[in-house]
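Engineer: Sending over query-v5.csv (CSV, C-alpha atoms (C1' of nucleotides)).
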```
chain,number,residue,atom,x,y,z
M,4,MET,CA,-26.1,172.7,19.6
M,5,ALA,CA,-23.5,170.9,17.5
M,6,ASP,CA,-21.0,171.8,20.3
M,7,ILE,CA,-23.2,170.3,23.0
M,8,LYS,CA,-23.9,167.2,21.0
M,9,SER,CA,-20.3,166.6,20.2
M,10,GLY,CA,-19.4,167.3,23.9
M,11,VAL,CA,-21.8,164.7,25.0
M,12,ASN,CA,-20.6,162.3,22.4
M,13,LEU,CA,-17.0,162.7,23.5
M,14,LEU,CA,-18.0,162.1,27.1
M,15,PHE,CA,-19.9,159.0,26.0
M,16,LEU,CA,-16.9,157.7,24.0
M,17,ARG,CA,-14.6,158.4,27.0
M,18,GLU,CA,-17.0,156.6,29.4
M,19,GLU,CA,-17.3,153.7,27.0
M,20,GLU,CA,-13.5,153.5,26.5
M,21,LEU,CA,-12.8,153.5,30.2
M,22,ARG,CA,-15.4,150.8,30.8
M,23,GLN,CA,-13.9,148.7,28.1
M,24,GLY,CA,-10.6,149.1,29.9
M,25,ILE,CA,-12.0,147.9,33.1
M,26,GLU,CA,-13.6,144.9,31.4
M,27,MET,CA,-10.6,144.0,29.4
M,28,LEU,CA,-8.7,143.6,32.6
M,29,PHE,CA,-11.4,141.5,34.1
M,30,PHE,CA,-11.7,139.1,31.1
M,31,ALA,CA,-8.0,138.9,30.4
M,32,TYR,CA,-7.2,138.0,34.0
M,33,ARG,CA,-10.0,135.5,34.1
M,34,ASP,CA,-9.0,133.8,30.9
M,35,PHE,CA,-5.4,134.0,31.8
M,36,THR,CA,-5.8,132.0,35.0
M,37,ALA,CA,-8.3,129.5,33.7
M,38,GLU,CA,-5.9,127.2,32.0
M,39,PRO,CA,-3.4,126.5,34.8
M,40,ASP,CA,-6.4,125.9,37.1
M,41,VAL,CA,-7.2,122.7,35.2
M,42,ILE,CA,-3.6,121.3,35.7
M,43,LEU,CA,-3.5,122.4,39.3
M,44,ALA,CA,-6.7,120.5,40.0
M,45,ASP,CA,-4.8,117.3,39.1
M,46,TYR,CA,-2.4,117.9,41.9
M,47,GLY,CA,-5.0,118.9,44.3
M,48,PHE,CA,-3.6,122.4,44.2
M,49,GLY,CA,-5.3,125.8,43.7
M,50,ARG,CA,-4.3,129.1,42.3
M,51,ALA,CA,-2.5,130.1,45.4
M,52,HIS,CA,-0.1,127.2,44.9
M,53,HIS,CA,0.6,128.4,41.4
M,54,ARG,CA,1.5,131.9,42.6
M,55,VAL,CA,3.9,130.6,45.1
M,56,ILE,CA,5.5,128.2,42.6
M,57,TYR,CA,5.7,131.0,40.1
M,58,PHE,CA,7.4,133.6,42.3
M,59,VAL,CA,9.8,131.1,43.9
M,60,GLY,CA,10.7,130.0,40.4
M,61,ARG,CA,11.2,133.6,39.4
M,62,SER,CA,13.5,134.4,42.3
M,63,PRO,CA,15.2,131.3,43.5
M,64,GLY,CA,16.4,131.8,47.1
M,65,ILE,CA,13.7,134.3,47.9
M,66,THR,CA,13.0,134.8,51.6
M,67,VAL,CA,9.6,134.1,53.1
M,68,SER,CA,9.2,137.8,53.9
M,69,ASP,CA,9.9,138.9,50.4
M,70,LEU,CA,7.5,136.3,49.0
M,71,LEU,CA,4.8,137.5,51.4
M,72,ALA,CA,5.4,141.1,50.2
M,73,THR,CA,5.2,140.0,46.6
M,74,LEU,CA,2.0,138.1,47.0
M,75,GLY,CA,0.4,140.6,49.3
M,76,ILE,CA,-1.1,138.0,51.7
M,77,THR,CA,-0.6,137.2,55.3
M,78,LYS,CA,1.9,134.6,56.5
M,79,GLN,CA,-0.9,132.5,57.9
M,80,SER,CA,-2.4,132.3,54.4
M,81,LEU,CA,0.9,131.5,52.9
M,82,SER,CA,1.6,128.9,55.5
M,83,ARG,CA,-0.8,126.2,54.4
M,84,VAL,CA,0.1,126.5,50.8
M,85,LEU,CA,3.8,126.7,51.3
M,86,SER,CA,4.1,123.8,53.8
M,87,GLN,CA,2.0,121.7,51.4
M,88,LEU,CA,4.4,122.4,48.6
M,89,VAL,CA,7.4,121.7,50.8
M,90,THR,CA,5.9,118.5,52.2
M,91,GLU,CA,5.1,117.2,48.7
M,92,GLY,CA,8.6,118.0,47.5
M,93,PHE,CA,8.0,120.9,45.1
M,94,ILE,CA,9.9,123.4,47.1
M,95,ILE,CA,12.9,123.2,49.5
M,96,GLN,CA,13.8,125.5,52.3
M,97,THR,CA,17.4,126.2,53.2
M,98,PRO,CA,18.5,128.4,56.1
M,99,GLY,CA,20.1,131.7,55.0
M,100,LEU,CA,23.8,131.9,55.2
M,101,ARG,CA,24.1,135.5,56.5
M,102,ASP,CA,20.9,135.3,58.5
M,103,ARG,CA,20.1,131.9,59.8
M,104,ARG,CA,16.6,132.9,60.8
M,105,GLN,CA,15.6,133.1,57.1
M,106,ARG,CA,14.4,130.1,55.1
M,107,LEU,CA,15.3,130.6,51.5
M,108,LEU,CA,13.0,129.1,49.1
M,109,GLU,CA,13.8,127.2,45.9
M,110,LEU,CA,12.0,124.9,43.5
M,111,THR,CA,13.1,121.3,43.4
M,112,GLU,CA,13.4,119.6,40.1
M,113,LYS,CA,9.9,118.5,40.5
M,114,GLY,CA,8.9,122.0,41.3
M,115,VAL,CA,10.6,123.4,38.2
M,116,ALA,CA,8.8,120.8,36.1
M,117,LEU,CA,5.4,121.8,37.5
M,118,GLU,CA,6.2,125.5,37.1
M,119,ARG,CA,7.1,125.0,33.5
M,120,GLN,CA,3.9,123.0,32.9
M,121,LEU,CA,1.7,125.6,34.6
M,122,THR,CA,3.3,128.7,33.1
M,123,GLU,CA,3.9,127.3,29.7
M,124,GLU,CA,0.3,128.0,28.5
M,125,GLN,CA,0.4,131.5,29.9
M,126,ARG,CA,3.7,132.1,28.3
M,127,GLN,CA,2.3,131.0,25.0
M,128,ARG,CA,-0.8,133.1,25.4
M,129,ILE,CA,1.3,136.2,26.0
M,130,ALA,CA,3.8,135.3,23.3
M,131,ARG,CA,0.9,134.9,20.8
M,132,ALA,CA,-0.7,138.2,21.8
M,133,TYR,CA,2.6,140.0,21.6
M,134,ARG,CA,3.4,138.5,18.2
M,135,GLU,CA,0.1,139.3,16.7
M,136,ALA,CA,0.0,142.8,18.1
M,137,GLY,CA,3.5,143.8,17.1
M,138,ALA,CA,6.4,145.4,18.9
M,139,GLU,CA,5.0,148.8,18.9
M,140,ALA,CA,1.7,147.7,20.4
M,141,VAL,CA,3.7,145.8,23.1
M,142,GLN,CA,5.4,149.0,24.1
M,143,GLY,CA,2.0,150.7,24.4
M,144,PHE,CA,0.7,147.7,26.4
M,145,ARG,CA,3.6,147.9,28.8
M,146,LYS,CA,3.3,151.7,29.2
M,147,VAL,CA,-0.4,151.5,30.1
M,148,MET,CA,0.0,148.4,32.4
M,149,LEU,CA,2.7,150.1,34.3
M,150,GLY,CA,0.4,153.1,34.8
M,151,LEU,CA,-2.2,150.9,36.2
M,152,ILE,CA,0.1,149.3,38.7
M,153,ASP,CA,0.7,151.0,42.0
M,154,GLU,CA,3.8,153.1,42.0
M,155,LYS,CA,5.5,151.0,44.6
M,156,ASP,CA,5.5,147.9,42.4
M,157,ARG,CA,6.7,149.5,39.2
M,158,ALA,CA,10.3,148.9,40.1
M,159,ARG,CA,9.7,145.3,39.4
M,160,PHE,CA,9.5,146.0,35.7
M,161,PRO,CA,12.8,147.4,34.3
M,162,GLN,CA,12.6,148.3,30.7
M,163,ARG,CA,15.6,146.2,29.7
M,164,LEU,CA,18.5,144.4,31.2
M,165,PRO,CA,16.9,143.4,34.5
M,166,ALA,CA,20.2,143.1,36.4
M,167,ARG,CA,18.7,140.4,38.4
M,168,VAL,CA,20.3,138.4,41.2
M,169,PRO,CA,22.4,135.7,39.6
M,170,PRO,CA,20.5,132.4,39.6
M,171,ARG,CA,21.5,130.2,42.4
M,172,GLY,CA,23.6,132.8,44.2
M,173,ARG,CA,24.3,130.5,47.1
M,174,SER,CA,25.8,127.0,47.0
F,20,MET,CA,30.2,131.7,19.4
F,21,ALA,CA,28.9,135.2,18.9
F,22,ASP,CA,25.9,133.6,17.3
F,23,ILE,CA,25.2,131.3,20.1
F,24,LYS,CA,25.7,133.9,22.7
F,25,SER,CA,23.4,136.3,21.0
F,26,GLY,CA,20.8,133.5,20.5
F,27,VAL,CA,20.9,132.7,24.2
F,28,ASN,CA,20.6,136.4,25.0
F,29,LEU,CA,17.6,136.8,22.8
F,30,LEU,CA,16.0,133.8,24.4
F,31,PHE,CA,16.7,135.3,27.8
F,32,LEU,CA,15.2,138.6,26.8
F,33,ARG,CA,12.1,136.9,25.4
F,34,GLU,CA,11.7,134.9,28.6
F,35,GLU,CA,12.1,138.0,30.7
F,36,GLU,CA,9.7,139.9,28.6
F,37,LEU,CA,7.1,137.2,28.8
F,38,ARG,CA,7.5,136.8,32.5
F,39,GLN,CA,7.1,140.5,32.9
F,40,GLY,CA,3.9,140.3,31.0
F,41,ILE,CA,2.5,137.6,33.3
F,42,GLU,CA,3.5,139.7,36.3
F,43,MET,CA,2.1,142.9,35.0
F,44,LEU,CA,-1.3,141.2,34.6
F,45,PHE,CA,-1.0,139.9,38.2
F,46,PHE,CA,-0.1,143.2,39.8
F,47,ALA,CA,-2.4,145.4,37.7
F,48,TYR,CA,-5.4,143.2,38.5
F,49,ARG,CA,-4.5,143.1,42.2
F,50,ASP,CA,-4.0,146.8,42.5
F,51,PHE,CA,-7.0,147.5,40.4
F,52,THR,CA,-9.4,145.6,42.7
F,53,ALA,CA,-7.8,146.7,45.9
F,54,GLU,CA,-9.5,150.2,46.2
F,55,PRO,CA,-13.1,149.2,45.7
F,56,ASP,CA,-12.6,146.4,48.3
F,57,VAL,CA,-12.3,149.1,51.0
F,58,ILE,CA,-15.6,150.7,50.1
F,59,LEU,CA,-17.3,147.3,49.8
F,60,ALA,CA,-16.3,146.4,53.3
F,61,ASP,CA,-18.4,149.3,54.6
F,62,TYR,CA,-21.4,147.7,53.1
F,63,GLY,CA,-20.6,144.2,54.2
F,64,PHE,CA,-20.1,143.3,50.6
F,65,GLY,CA,-17.3,141.6,48.7
F,66,ARG,CA,-15.7,141.6,45.3
F,67,ALA,CA,-18.5,139.4,44.0
F,68,HIS,CA,-21.1,142.1,44.8
F,69,HIS,CA,-19.0,144.6,42.9
F,70,ARG,CA,-18.9,142.5,39.8
F,71,VAL,CA,-22.7,142.0,39.8
F,72,ILE,CA,-23.3,145.7,40.4
F,73,TYR,CA,-20.9,146.6,37.7
F,74,PHE,CA,-22.3,144.4,35.0
F,75,VAL,CA,-25.9,145.1,35.8
F,76,GLY,CA,-25.0,148.8,35.7
F,77,ARG,CA,-23.3,148.2,32.4
F,78,SER,CA,-26.3,146.4,30.8
F,79,PRO,CA,-29.5,147.5,32.4
F,80,GLY,CA,-32.2,145.0,31.9
F,81,ILE,CA,-29.8,142.1,31.6
F,82,THR,CA,-31.2,138.6,32.2
F,83,VAL,CA,-29.9,136.4,34.9
F,84,SER,CA,-28.6,133.9,32.3
F,85,ASP,CA,-26.7,136.6,30.5
F,86,LEU,CA,-25.2,137.8,33.7
F,87,LEU,CA,-24.2,134.3,34.6
F,88,ALA,CA,-22.5,133.9,31.3
F,89,THR,CA,-20.7,137.2,31.7
F,90,LEU,CA,-19.4,136.4,35.2
F,91,GLY,CA,-18.6,132.8,34.4
F,92,ILE,CA,-20.0,131.4,37.7
F,93,THR,CA,-22.8,129.1,38.7
F,94,LYS,CA,-26.3,130.3,39.5
F,95,GLN,CA,-25.8,129.0,43.1
F,96,SER,CA,-22.8,131.3,43.5
F,97,LEU,CA,-24.6,134.2,42.0
F,98,SER,CA,-27.7,133.6,44.1
F,99,ARG,CA,-26.3,134.6,47.4
F,100,VAL,CA,-24.8,137.8,46.2
F,101,LEU,CA,-27.7,138.8,43.9
F,102,SER,CA,-30.5,138.1,46.4
F,103,GLN,CA,-28.6,140.1,49.0
F,104,LEU,CA,-28.3,143.0,46.6
F,105,VAL,CA,-32.0,142.8,45.8
F,106,THR,CA,-33.1,142.5,49.4
F,107,GLU,CA,-31.0,145.5,50.4
F,108,GLY,CA,-32.4,147.6,47.5
F,109,PHE,CA,-29.5,148.0,45.2
F,110,ILE,CA,-31.0,146.0,42.4
F,111,ILE,CA,-34.6,145.4,41.2
F,112,GLN,CA,-35.9,142.5,39.2
F,113,THR,CA,-38.8,142.9,36.8
F,114,PRO,CA,-40.3,140.1,34.7
F,115,GLY,CA,-39.4,140.1,31.1
F,116,LEU,CA,-42.1,141.4,28.7
F,117,ARG,CA,-41.7,138.9,25.9
F,118,ASP,CA,-40.6,136.0,28.2
F,119,ARG,CA,-42.2,136.3,31.6
F,120,ARG,CA,-39.8,133.6,33.0
F,121,GLN,CA,-37.0,136.0,32.8
F,122,ARG,CA,-36.2,138.4,35.6
F,123,LEU,CA,-34.5,141.5,34.1
F,124,LEU,CA,-32.0,143.1,36.4
F,125,GLU,CA,-31.5,146.8,36.9
F,126,LEU,CA,-29.8,149.0,39.4
F,127,THR,CA,-31.9,151.2,41.7
F,128,GLU,CA,-30.9,154.8,42.4
F,129,LYS,CA,-29.1,153.4,45.4
F,130,GLY,CA,-27.4,150.9,43.2
F,131,VAL,CA,-26.4,153.4,40.7
F,132,ALA,CA,-24.9,155.5,43.4
F,133,LEU,CA,-22.9,152.6,44.8
F,134,GLU,CA,-21.8,151.6,41.3
F,135,ARG,CA,-20.5,155.1,40.7
F,136,GLN,CA,-18.7,155.2,44.0
F,137,LEU,CA,-17.0,151.8,43.5
F,138,THR,CA,-16.0,152.2,39.9
F,139,GLU,CA,-15.0,155.9,40.1
F,140,GLU,CA,-11.6,155.1,41.4
F,141,GLN,CA,-11.0,152.4,38.8
F,142,ARG,CA,-12.2,154.8,36.1
F,143,GLN,CA,-9.8,157.4,37.3
F,144,ARG,CA,-6.9,154.9,37.5
F,145,ILE,CA,-7.5,153.8,33.9
F,146,ALA,CA,-8.0,157.4,32.7
F,147,ARG,CA,-4.8,158.5,34.3
F,148,ALA,CA,-2.9,155.5,32.8
F,149,TYR,CA,-4.4,156.2,29.4
F,150,ARG,CA,-3.6,159.9,29.6
F,151,GLU,CA,0.0,159.4,30.7
F,152,ALA,CA,0.6,156.7,28.1
F,153,GLY,CA,-0.9,158.6,25.2
F,154,ALA,CA,-3.4,157.6,22.5
F,155,GLU,CA,-1.0,155.4,20.5
F,156,ALA,CA,0.0,153.4,23.6
F,157,VAL,CA,-3.7,152.9,24.4
F,158,GLN,CA,-4.2,151.4,21.0
F,159,GLY,CA,-1.3,149.0,21.6
F,160,PHE,CA,-2.7,148.2,25.0
F,161,ARG,CA,-6.1,147.3,23.6
F,162,LYS,CA,-4.6,145.2,20.8
F,163,VAL,CA,-2.5,143.1,23.2
F,164,MET,CA,-5.3,142.8,25.8
F,165,LEU,CA,-7.7,141.6,23.2
F,166,GLY,CA,-5.2,139.0,22.1
F,167,LEU,CA,-5.0,137.8,25.7
F,168,ILE,CA,-8.7,137.4,26.0
F,169,ASP,CA,-10.4,134.2,24.8
F,170,GLU,CA,-11.8,134.6,21.3
F,171,LYS,CA,-15.3,134.1,22.5
F,172,ASP,CA,-15.3,137.2,24.6
F,173,ARG,CA,-13.6,139.5,22.1
F,174,ALA,CA,-16.9,140.6,20.6
F,175,ARG,CA,-17.6,142.5,23.8
F,176,PHE,CA,-15.0,145.1,22.7
F,177,PRO,CA,-16.0,146.9,19.6
F,178,GLN,CA,-13.4,149.3,18.4
F,179,ARG,CA,-15.8,152.2,18.1
F,180,LEU,CA,-19.5,153.0,18.2
F,181,PRO,CA,-20.6,150.2,20.3
F,182,ALA,CA,-24.2,150.1,19.0
F,183,ARG,CA,-25.3,149.0,22.4
F,184,VAL,CA,-28.9,148.3,23.4
F,185,PRO,CA,-30.5,151.7,24.1
F,186,PRO,CA,-30.5,152.4,27.8
F,187,ARG,CA,-33.8,151.4,29.5
F,188,GLY,CA,-35.2,149.7,26.4
F,189,ARG,CA,-38.3,148.8,28.3
F,190,SER,CA,-40.9,151.0,30.1
R,23,DG,C1',-53.7,119.6,25.2
R,24,DA,C1',-50.0,117.1,27.0
R,25,DT,C1',-45.1,116.9,27.3
R,26,DT,C1',-40.7,118.7,27.2
R,27,DT,C1',-37.6,122.3,27.6
R,28,DT,C1',-36.0,126.5,29.6
R,29,DA,C1',-35.3,130.4,33.1
R,30,DT,C1',-34.9,130.9,37.6
R,31,DG,C1',-34.5,129.9,42.3
R,32,DT,C1',-33.4,127.2,46.6
R,33,DC,C1',-31.4,123.9,50.0
R,34,DA,C1',-27.5,121.5,51.6
R,35,DG,C1',-22.9,120.5,52.0
R,36,DC,C1',-18.0,121.0,50.6
R,37,DC,C1',-13.6,123.3,49.6
R,38,DA,C1',-10.0,127.0,48.8
R,39,DT,C1',-8.3,131.1,50.2
R,40,DA,C1',-8.2,134.9,52.5
R,41,DT,C1',-8.6,137.4,57.2
R,42,DT,C1',-7.5,138.7,62.5
R,43,DG,C1',-5.4,137.8,66.9
R,44,DA,C1',-2.5,135.6,70.0
R,45,DC,C1',1.5,133.1,71.0
R,46,DT,C1',6.2,130.5,70.2
R,47,DT,C1',11.0,129.8,68.7
R,48,DA,C1',15.3,131.0,67.0
R,49,DT,C1',18.4,134.4,65.8
R,50,DT,C1',20.2,138.9,65.1
R,51,DT,C1',20.8,143.7,66.5
R,52,DA,C1',21.3,147.3,69.7
K,1,DT,C1',21.3,141.5,78.4
K,2,DA,C1',17.2,143.3,76.1
K,3,DA,C1',14.7,144.3,72.0
K,4,DA,C1',13.6,143.5,67.4
K,5,DT,C1',13.1,140.4,63.6
K,6,DA,C1',12.1,136.1,60.6
K,7,DA,C1',9.4,132.5,60.6
K,8,DG,C1',5.9,129.4,62.2
K,9,DT,C1',1.6,127.8,64.6
K,10,DC,C1',-3.2,127.5,66.6
K,11,DA,C1',-7.9,129.0,66.4
K,12,DA,C1',-11.7,131.3,64.7
K,13,DT,C1',-14.1,133.6,60.9
K,14,DA,C1',-15.6,135.3,56.2
K,15,DT,C1',-16.0,135.0,51.3
K,16,DG,C1',-16.7,133.0,47.1
K,17,DG,C1',-16.5,129.5,44.5
K,18,DC,C1',-18.3,124.4,43.5
K,19,DT,C1',-21.6,120.0,43.0
K,20,DG,C1',-26.0,117.8,43.4
K,21,DA,C1',-30.8,117.6,43.9
K,22,DC,C1',-35.1,119.5,43.6
K,23,DA,C1',-39.0,123.1,42.7
K,24,DT,C1',-41.8,126.4,40.0
K,25,DA,C1',-43.5,128.9,36.3
K,26,DA,C1',-43.6,129.8,31.6
K,27,DA,C1',-42.6,128.8,26.8
K,28,DA,C1',-42.0,125.7,23.1
K,29,DT,C1',-42.9,121.5,20.8
K,30,DC,C1',-45.2,117.3,19.5
```
Could you take the file, read its structure, and then write that structure out as structure tokens?
Structural biologist:
Amino acid sequence: MADIKSGVNLLFLREEELRQGIEMLFFAYRDFTAEPDVILADYGFGRAHHRVIYFVGRSPGITVSDLLATLGITKQSLSRVLSQLVTEGFIIQTPGLRDRRQRLLELTEKGVALERQLTEEQRQRIARAYREAGAEAVQGFRKVMLGLIDEKDRARFPQRLPARVPPRGRS
Amino acid sequence: MADIKSGVNLLFLREEELRQGIEMLFFAYRDFTAEPDVILADYGFGRAHHRVIYFVGRSPGITVSDLLATLGITKQSLSRVLSQLVTEGFIIQTPGLRDRRQRLLELTEKGVALERQLTEEQRQRIARAYREAGAEAVQGFRKVMLGLIDEKDRARFPQRLPARVPPRGRS
DNA sequence: GATTTTATGTCAGCCATATTGACTTATTTA
DNA sequence: TAAATAAGTCAATATGGCTGACATAAAATC
């Protein structure tokens, strides 16, 4: 009887633990995106604009194809948002040197400023959470998060020394 | 010079680490919601339906107000989704006993079955990530995630022994 | 007992973001 | 030269949010 009861209890705890995991992801993502949304509204932009600005800022000179793959949306969806950002001077497109079909994307100064403004609060939120949790907890956080992410995207997260493309490779 | 260089390096690592944090959240959330979406499409439902089914399943007998607060949307937004789920027999509403203005929400058998089907993959994804990362990492993950979540929502995540409302309190 | 507040629901319209499908243009590759 | 690729566009559609205004029933308060 004690065995059964404890077995049930373990199952319950496990179920509860997994559900909490699901919900933590939901609430964290929600709260995490809420703050930039307020700023974006001032510009008449939405969350989609933020994502584009973020990833272009992250990888200056990124191609449209790569950006599409990163965002996981269709080019038609990207089109509106991207052309808006280009028209309003937050992003510039320059033809690729090796392949002139490509249009490499970069933030303008204005774009960099907006990216900073948008991401700053998120950066602070993460920094605070990391600081309060401690280095060991951060390692655990990374480990679990990587396990949650599809295998194909894990390569985006090198443990150390990202060996990234040098900033502003062209020009 | 060594000091400056190492200071810059530290800043760079910190920046890189924070950006990876932002991105892990983005990709984890995206991959996490992708699988249920496929199933939902079979029913003509969207992600919003999933969230309603999930939280009603999580707290049987929840009031509409509480559900709204949990989801963080307006009643007009909830309305479409909820009435669809009620009409199609996934959720039943029963008047509150103490306050007959309330309409307490519960999953039907059909609703429970769908909830299981939808959440099962997510549960497995979390379970796998937890298992592979280990108990210590999971503690770190929880710590950081809680730090990312707005203070007002942290009470949803008791460390142990949730002391939840007994399932099916009424009837 | 009358009035106010609360819980819920509904109608209408608007906006952002995503989708699919079809087609175009320029450039590179085979 | 022909085929494949990178990027863009037009059109139609779906989903999921939003605001505002109004309605009903029940509870709480004066």
Engineer: Between M:Pro63, M:Arg104, M:Arg134, M:Phe15, which is the closest to DT49 of chain R once you count all atoms listed in the file?
Structural biologist: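 Checking each of M:Pro63, M:Arg104, M:Arg134, M:Phe15 against DT49 of chain R, counting all atoms listed in the file, the winner is M:Arg104.
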Engineer: With only C-alpha atoms considered, list every residue of chain M at most 6 Å from chain F, as a compact mmCIF listing (two decimals) with C-alpha atoms, in the coordinates of the input.
Structural biologist:
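So the final result, stored in selection.txt, reads:
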```txt
# COMPACT_ATOMS: atom_id res chain seq x y z
CA ALA M 31 -8.00 138.90 30.40
CA ALA M 132 -0.70 138.20 21.80
CA ALA M 136 0.00 142.80 18.10
CA ALA M 140 1.70 147.70 20.40
CA GLY M 143 2.00 150.70 24.40
CA PHE M 144 0.70 147.70 26.40
CA LYS M 146 3.30 151.70 29.20
CA VAL M 147 -0.40 151.50 30.10
CA GLY M 150 0.40 153.10 34.80
CA LEU M 151 -2.20 150.90 36.20
CA ILE M 152 0.10 149.30 38.70
```
Engineer: Give me, please, the distance in Å between atom C1' of DG35 of chain R and atom CA of Gln112 of chain F, quoted to one decimal.
Structural biologist: 28.6 Å
Engineer: Output as a Markdown table one row per residue of chain F within 8 Å of chain K: the closest atom pair and its distance in Å to one decimal place, counting only C-alpha atoms (C1' of nucleotides), sorted by chain and residue number ascending.
Structural biologist:
```
| residue | atom | partner | partner_atom | distance |
| --- | --- | --- | --- | --- |
| F:Gly65 | CA | K:DT15 | C1' | 7.2 |
| F:Ala67 | CA | K:DG16 | C1' | 7.3 |
| F:Ile92 | CA | K:DG17 | C1' | 7.9 |
| F:Ser96 | CA | K:DG17 | C1' | 6.6 |
| F:Asp118 | CA | K:DA27 | C1' | 7.6 |
| F:Arg119 | CA | K:DA26 | C1' | 6.6 |
| F:Arg120 | CA | K:DA26 | C1' | 5.6 |
```
Engineer: Would you kindly report the residues of chain R within 8 Å of chain M, using only C-alpha atoms (C1' of nucleotides), as a list in words?
Structural biologist: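 For chain R, the answer reads DA38, DT39, DA40, DA48, DT49 and DT50 of chain R.
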Engineer: Between atom CA of Leu121 of chain M and atom CA of Ile65 of chain M, what is the spacing in Å?
Structural biologist: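 If I compute the distance from atom CA of Ile65 of chain M to atom CA of Leu121 of chain M, I get 19.9 Å.
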Engineer: Quote the spacing between atom CA of Leu43 of chain M and atom CA of Ala88 of chain F in Å to one decimal place.
Structural biologist: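 If I compute the distance from atom CA of Leu43 of chain M to atom CA of Ala88 of chain F, I get 23.6 Å.
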Engineer: Excluding Leu133 of chain F and any residue of its chain fewer than 3 positions from it, enumerate the residues within 10 Å of it, using all atoms listed in the file, and give them as a ChimeraX atom specification.
Structural biologist: /F:58-59,62,69,72-73,109,126-130,136-139
Engineer: Using only C-alpha atoms, which residue out of F:Ile110, F:Leu123, F:Val131, F:Leu104 lies closest to Ser84 of chain F?
Structural biologist: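 Result for the nearest residue to Ser84 of chain F: F:Leu123.
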